[in-house]
Amino acid sequence: VRVLNRFTEREEWQTIAMMLPHEVPSVLQHLGDAAKLREEVSMDPESLKHLLHCKALSAIQDMLGFGLHCDGVPHSWDREESCEVFSISFPGLGGAWKNLRIPLFSIPHSSFSDNTWDDLMEVIAWSLRLSWQGKYPLQRHDNLPFTETCRKKNAGKDLALHACLVEIRGDWKMLAETFHLPRWHEKGGICWSCDCNNKQVVVACTATRLT
């Protein structure tokens, strides 16, 4: 993916270690409890609504609903430097596994260029389509052949499950960077349901005189 070299301040291509959303649930299903993995007890009503819609659309009643989560995590002793951690979550799980998140990749925030998120999300979107289809890919997302023995072995085989994305969690900064949603200061408008712009936002300040 394209990242920023903070020493040269130029964009360059680098290899990023990443786990794929279609592979993680498949491994959990193979090694764990398939019924537990499909729990819906803790799922947000909107997420559950989307999952039910996906089940009806695909006619697959045991489809798994999972989420994606992104957050900045400090990684320096003075907390001035952070990395973006992108994880897969299973919002329907209850009990001890309720807050389970498995990191897919982590990149220092200082390494992000204008194109880094686009390159990363291209791979994520490719993997999400495979989750829906329930198939291992025949080749990489860029149509190049696999180099890993395990992926060559699984190419074209069934995932043993079908899964869909039901929610994405993150702050507005993350959503603006990954999906190019408008930021609060943009002149073209900041809301998807009205025409309000930044000049129409009134901030009321009150001052208290101390005696």
# chains A, B, ... in the order shown; residues from 1 in each chain; ligands from 1

call {"tool": "closest_atom_pairs", "arguments": {"of": "segment 120-203 of chain A", "to": "segment 23-42 of chain A", "cutoff": "9 Å", "atoms": "only C-alpha atoms", "output": "Markdown table"}}
result
| residue | atom | partner | partner_atom | distance |
| --- | --- | --- | --- | --- |
| A:Ser127 | CA | A:Glu23 | CA | 8.4 |
| A:Ser131 | CA | A:Glu23 | CA | 8.2 |
| A:Tyr136 | CA | A:Glu23 | CA | 8.2 |
| A:Leu159 | CA | A:Ser26 | CA | 6.0 |
| A:Ala160 | CA | A:Ser26 | CA | 6.8 |
| A:Leu161 | CA | A:Ser26 | CA | 6.8 |
| A:Ala163 | CA | A:Pro25 | CA | 8.2 |

call {"tool": "select_by_dssp", "arguments": {"residues": "segment 4-182 of chain A", "states": "helix (DSSP H, G or I)", "output": "ChimeraX atom specification"}}
result
/A:23-31,34-37,45-58,95-97,109-111,116-133,149-154,172-179

call {"tool": "write_last_selection", "arguments": {"atoms": "C-alpha atoms", "output": "CSV table (one decimal), in the first residue's frame"}}
result
chain,number,residue,atom,x,y,z
A,23,GLU,CA,-10.3,-15.9,6.7
A,24,VAL,CA,-10.7,-15.0,10.4
A,25,PRO,CA,-14.3,-16.3,10.9
A,26,SER,CA,-13.5,-19.4,8.8
A,27,VAL,CA,-10.7,-20.3,11.2
A,28,LEU,CA,-12.9,-19.5,14.3
A,29,GLN,CA,-15.6,-21.7,12.8
A,30,HIS,CA,-13.2,-24.6,12.2
A,31,LEU,CA,-11.5,-24.4,15.6
A,34,ALA,CA,-20.0,-22.5,15.3
A,35,ALA,CA,-23.2,-21.9,17.2
A,36,LYS,CA,-21.5,-19.5,19.7
A,37,LEU,CA,-19.9,-17.6,16.8
A,45,PRO,CA,-30.9,-3.4,16.8
A,46,GLU,CA,-29.7,-1.6,13.6
A,47,SER,CA,-27.0,-4.2,13.1
A,48,LEU,CA,-29.5,-7.1,13.7
A,49,LYS,CA,-31.9,-5.5,11.2
A,50,HIS,CA,-29.1,-5.4,8.6
A,51,LEU,CA,-28.2,-9.0,9.3
A,52,LEU,CA,-31.8,-10.2,8.9
A,53,HIS,CA,-32.0,-8.3,5.6
A,54,CYS,CA,-28.8,-10.0,4.4
A,55,LYS,CA,-30.2,-13.4,5.4
A,56,ALA,CA,-33.4,-12.7,3.4
A,57,LEU,CA,-31.5,-11.4,0.4
A,58,SER,CA,-29.1,-14.4,0.3
A,95,GLY,CA,-20.8,-13.3,28.0
A,96,ALA,CA,-17.0,-13.5,28.2
A,97,TRP,CA,-16.6,-13.0,24.5
A,109,HIS,CA,-0.7,7.3,12.1
A,110,SER,CA,2.3,9.2,11.0
A,111,SER,CA,2.7,6.8,8.1
A,116,THR,CA,-3.2,4.7,2.4
A,117,TRP,CA,-6.8,4.2,3.5
A,118,ASP,CA,-7.9,3.7,-0.1
A,119,ASP,CA,-5.3,1.0,-0.7
A,120,LEU,CA,-6.2,-0.7,2.5
A,121,MET,CA,-10.0,-0.6,2.0
A,122,GLU,CA,-9.6,-2.0,-1.5
A,123,VAL,CA,-8.2,-5.2,0.0
A,124,ILE,CA,-10.9,-5.2,2.8
A,125,ALA,CA,-13.7,-4.7,0.3
A,126,TRP,CA,-12.4,-7.6,-1.8
A,127,SER,CA,-12.3,-9.8,1.3
A,128,LEU,CA,-15.8,-8.8,2.3
A,129,ARG,CA,-17.2,-9.9,-1.0
A,130,LEU,CA,-15.6,-13.3,-0.5
A,131,SER,CA,-17.2,-13.5,2.9
A,132,TRP,CA,-20.6,-13.0,1.3
A,133,GLN,CA,-19.9,-15.6,-1.4
A,149,THR,CA,1.2,-22.5,0.5
A,150,CYS,CA,-2.0,-22.5,2.6
A,151,ARG,CA,-3.7,-20.0,0.3
A,152,LYS,CA,-2.7,-22.0,-2.8
A,153,LYS,CA,-4.2,-25.1,-1.1
A,154,ASN,CA,-7.5,-23.4,-0.3
A,172,TRP,CA,-15.9,10.7,12.9
A,173,LYS,CA,-12.2,11.3,12.1
A,174,MET,CA,-11.8,7.7,11.1
A,175,LEU,CA,-15.0,7.7,9.0
A,176,ALA,CA,-13.9,10.8,7.2
A,177,GLU,CA,-10.5,9.4,6.4
A,178,THR,CA,-11.6,5.9,5.3
A,179,PHE,CA,-14.9,6.7,3.5

call {"tool": "residues_around", "arguments": {"residues": "Trp13 of chain A", "least_positions_apart": "6", "cutoff": "12 Å", "atoms": "only C-alpha atoms", "output": "list in words"}}
result
Val1, Arg2, Val3, Leu4, Asn5, Ser111, Phe112, Ser113, Asn115, Thr116 and Asp119 of chain A

call {"tool": "write_last_selection", "arguments": {"atoms": "N, CA and C atoms", "output": "PDB file, in the first residue's frame"}}
result
ATOM      1  N   VAL A   1       0.848  -1.191   0.000  1.00  0.00           N
ATOM      2  CA  VAL A   1       0.000   0.000   0.000  1.00  0.00           C
ATOM      3  C   VAL A   1       0.883   1.240   0.000  1.00  0.00           C
ATOM      4  N   ARG A   2       0.294   2.363  -0.397  1.00  0.00           N
ATOM      5  CA  ARG A   2       1.027   3.620  -0.396  1.00  0.00           C
ATOM      6  C   ARG A   2       1.016   4.229   1.003  1.00  0.00           C
ATOM      7  N   VAL A   3       2.204   4.534   1.498  1.00  0.00           N
ATOM      8  CA  VAL A   3       2.347   5.137   2.823  1.00  0.00           C
ATOM      9  C   VAL A   3       3.287   6.330   2.728  1.00  0.00           C
ATOM     10  N   LEU A   4       3.304   7.109   3.788  1.00  0.00           N
ATOM     11  CA  LEU A   4       4.168   8.281   3.844  1.00  0.00           C
ATOM     12  C   LEU A   4       5.455   7.943   4.578  1.00  0.00           C
ATOM     13  N   ASN A   5       6.569   8.200   3.927  1.00  0.00           N
ATOM     14  CA  ASN A   5       7.860   8.072   4.589  1.00  0.00           C
ATOM     15  C   ASN A   5       8.099   9.359   5.371  1.00  0.00           C
ATOM     16  N   SER A 111       2.396   7.422   9.341  1.00  0.00           N
ATOM     17  CA  SER A 111       2.732   6.802   8.060  1.00  0.00           C
ATOM     18  C   SER A 111       1.603   6.896   7.039  1.00  0.00           C
ATOM     19  N   PHE A 112       0.469   7.469   7.434  1.00  0.00           N
ATOM     20  CA  PHE A 112      -0.664   7.544   6.512  1.00  0.00           C
ATOM     21  C   PHE A 112      -0.483   8.698   5.529  1.00  0.00           C
ATOM     22  N   SER A 113      -0.624   8.370   4.250  1.00  0.00           N
ATOM     23  CA  SER A 113      -0.665   9.398   3.198  1.00  0.00           C
ATOM     24  C   SER A 113      -2.117   9.552   2.753  1.00  0.00           C
ATOM     25  N   ASN A 115      -3.455   8.360   0.261  1.00  0.00           N
ATOM     26  CA  ASN A 115      -3.916   7.166  -0.452  1.00  0.00           C
ATOM     27  C   ASN A 115      -3.880   5.887   0.377  1.00  0.00           C
ATOM     28  N   THR A 116      -3.355   5.964   1.602  1.00  0.00           N
ATOM     29  CA  THR A 116      -3.174   4.746   2.389  1.00  0.00           C
ATOM     30  C   THR A 116      -4.492   4.049   2.679  1.00  0.00           C
ATOM     31  N   ASP A 119      -6.014   2.289  -0.388  1.00  0.00           N
ATOM     32  CA  ASP A 119      -5.348   1.032  -0.726  1.00  0.00           C
ATOM     33  C   ASP A 119      -5.758  -0.083   0.237  1.00  0.00           C
TER      34      ASP A 119
END

call {"tool": "select_by_dssp", "arguments": {"residues": "segment 58-119 of chain A", "states": "strand (DSSP E or B)", "output": "ChimeraX atom specification"}}
result
/A:64-74,82-89,101-108

call {"tool": "write_last_selection", "arguments": {"atoms": "N, CA and C atoms", "output": "compact mmCIF listing (two decimals), in the first residue's frame"}}
result
# COMPACT_ATOMS: atom_id res chain seq x y z
N LEU A 64 -23.41 -15.39 9.15
CA LEU A 64 -22.76 -14.74 10.30
C LEU A 64 -22.66 -13.23 10.06
N GLY A 65 -23.00 -12.46 11.06
CA GLY A 65 -22.83 -11.01 10.99
C GLY A 65 -21.63 -10.56 11.82
N PHE A 66 -20.72 -9.83 11.21
CA PHE A 66 -19.55 -9.35 11.94
C PHE A 66 -19.38 -7.85 11.73
N GLY A 67 -18.50 -7.26 12.49
CA GLY A 67 -18.28 -5.82 12.40
C GLY A 67 -16.81 -5.51 12.19
N LEU A 68 -16.54 -4.25 11.84
CA LEU A 68 -15.18 -3.75 11.73
C LEU A 68 -15.04 -2.58 12.70
N HIS A 69 -13.90 -2.46 13.30
CA HIS A 69 -13.67 -1.42 14.32
C HIS A 69 -12.30 -0.80 14.11
N CYS A 70 -12.23 0.51 14.20
CA CYS A 70 -10.94 1.19 14.06
C CYS A 70 -10.78 2.21 15.18
N ASP A 71 -9.59 2.25 15.73
CA ASP A 71 -9.32 3.21 16.81
C ASP A 71 -7.83 3.49 16.86
N GLY A 72 -7.49 4.68 17.30
CA GLY A 72 -6.10 5.04 17.49
C GLY A 72 -5.60 4.59 18.85
N VAL A 73 -4.41 4.00 18.88
CA VAL A 73 -3.84 3.48 20.12
C VAL A 73 -2.45 4.07 20.32
N PRO A 74 -2.18 4.77 21.45
CA PRO A 74 -0.84 5.32 21.69
C PRO A 74 0.20 4.20 21.75
N SER A 82 0.75 7.55 17.90
CA SER A 82 -0.28 6.52 17.94
C SER A 82 -0.29 5.72 16.65
N CYS A 83 -0.92 4.58 16.69
CA CYS A 83 -1.10 3.77 15.49
C CYS A 83 -2.60 3.50 15.32
N GLU A 84 -3.01 3.33 14.08
CA GLU A 84 -4.40 3.00 13.78
C GLU A 84 -4.54 1.48 13.78
N VAL A 85 -5.40 0.97 14.64
CA VAL A 85 -5.63 -0.48 14.75
C VAL A 85 -7.00 -0.80 14.16
N PHE A 86 -7.02 -1.61 13.11
CA PHE A 86 -8.24 -1.98 12.40
C PHE A 86 -8.55 -3.43 12.75
N SER A 87 -9.72 -3.67 13.36
CA SER A 87 -10.04 -4.98 13.91
C SER A 87 -11.36 -5.51 13.37
N ILE A 88 -11.52 -6.83 13.45
CA ILE A 88 -12.80 -7.47 13.18
C ILE A 88 -13.45 -7.79 14.52
N SER A 89 -14.76 -7.58 14.61
CA SER A 89 -15.49 -7.84 15.85
C SER A 89 -16.72 -8.69 15.55
N ARG A 101 -12.27 -8.59 19.94
CA ARG A 101 -11.83 -7.92 18.71
C ARG A 101 -10.49 -8.53 18.31
N ILE A 102 -10.35 -8.85 17.03
CA ILE A 102 -9.12 -9.44 16.52
C ILE A 102 -8.50 -8.46 15.53
N PRO A 103 -7.33 -7.91 15.82
CA PRO A 103 -6.71 -6.93 14.92
C PRO A 103 -6.41 -7.54 13.55
N LEU A 104 -6.75 -6.78 12.50
CA LEU A 104 -6.43 -7.18 11.14
C LEU A 104 -5.12 -6.55 10.67
N PHE A 105 -4.92 -5.28 11.04
CA PHE A 105 -3.65 -4.63 10.74
C PHE A 105 -3.50 -3.42 11.65
N SER A 106 -2.27 -2.94 11.75
CA SER A 106 -1.98 -1.75 12.55
C SER A 106 -0.86 -0.98 11.87
N ILE A 107 -1.07 0.33 11.69
CA ILE A 107 -0.10 1.19 11.02
C ILE A 107 0.06 2.48 11.81
N PRO A 108 1.30 2.95 12.01
CA PRO A 108 1.49 4.24 12.70
C PRO A 108 0.74 5.35 11.98

call {"tool": "closest_residue", "arguments": {"among": "A:Gly156, A:Gly170, A:Pro182, A:Gly134", "to": "Ile60 of chain A", "atoms": "only C-alpha atoms"}}
result
A:Gly134

call {"tool": "atom_distance", "arguments": {"atom1": "atom CA of Leu20 of chain A", "atom2": "atom CA of His141 of chain A"}}
result
11.0 Å

call {"tool": "atom_distance", "arguments": {"atom1": "atom CA of Ala155 of chain A", "atom2": "atom CA of His22 of chain A"}}
result
12.8 Å

call {"tool": "closest_residue", "arguments": {"among": "A:Lys199, A:Arg10, A:Arg169, A:His185", "to": "Phe90 of chain A", "atoms": "only C-alpha atoms"}}
result
A:Arg169
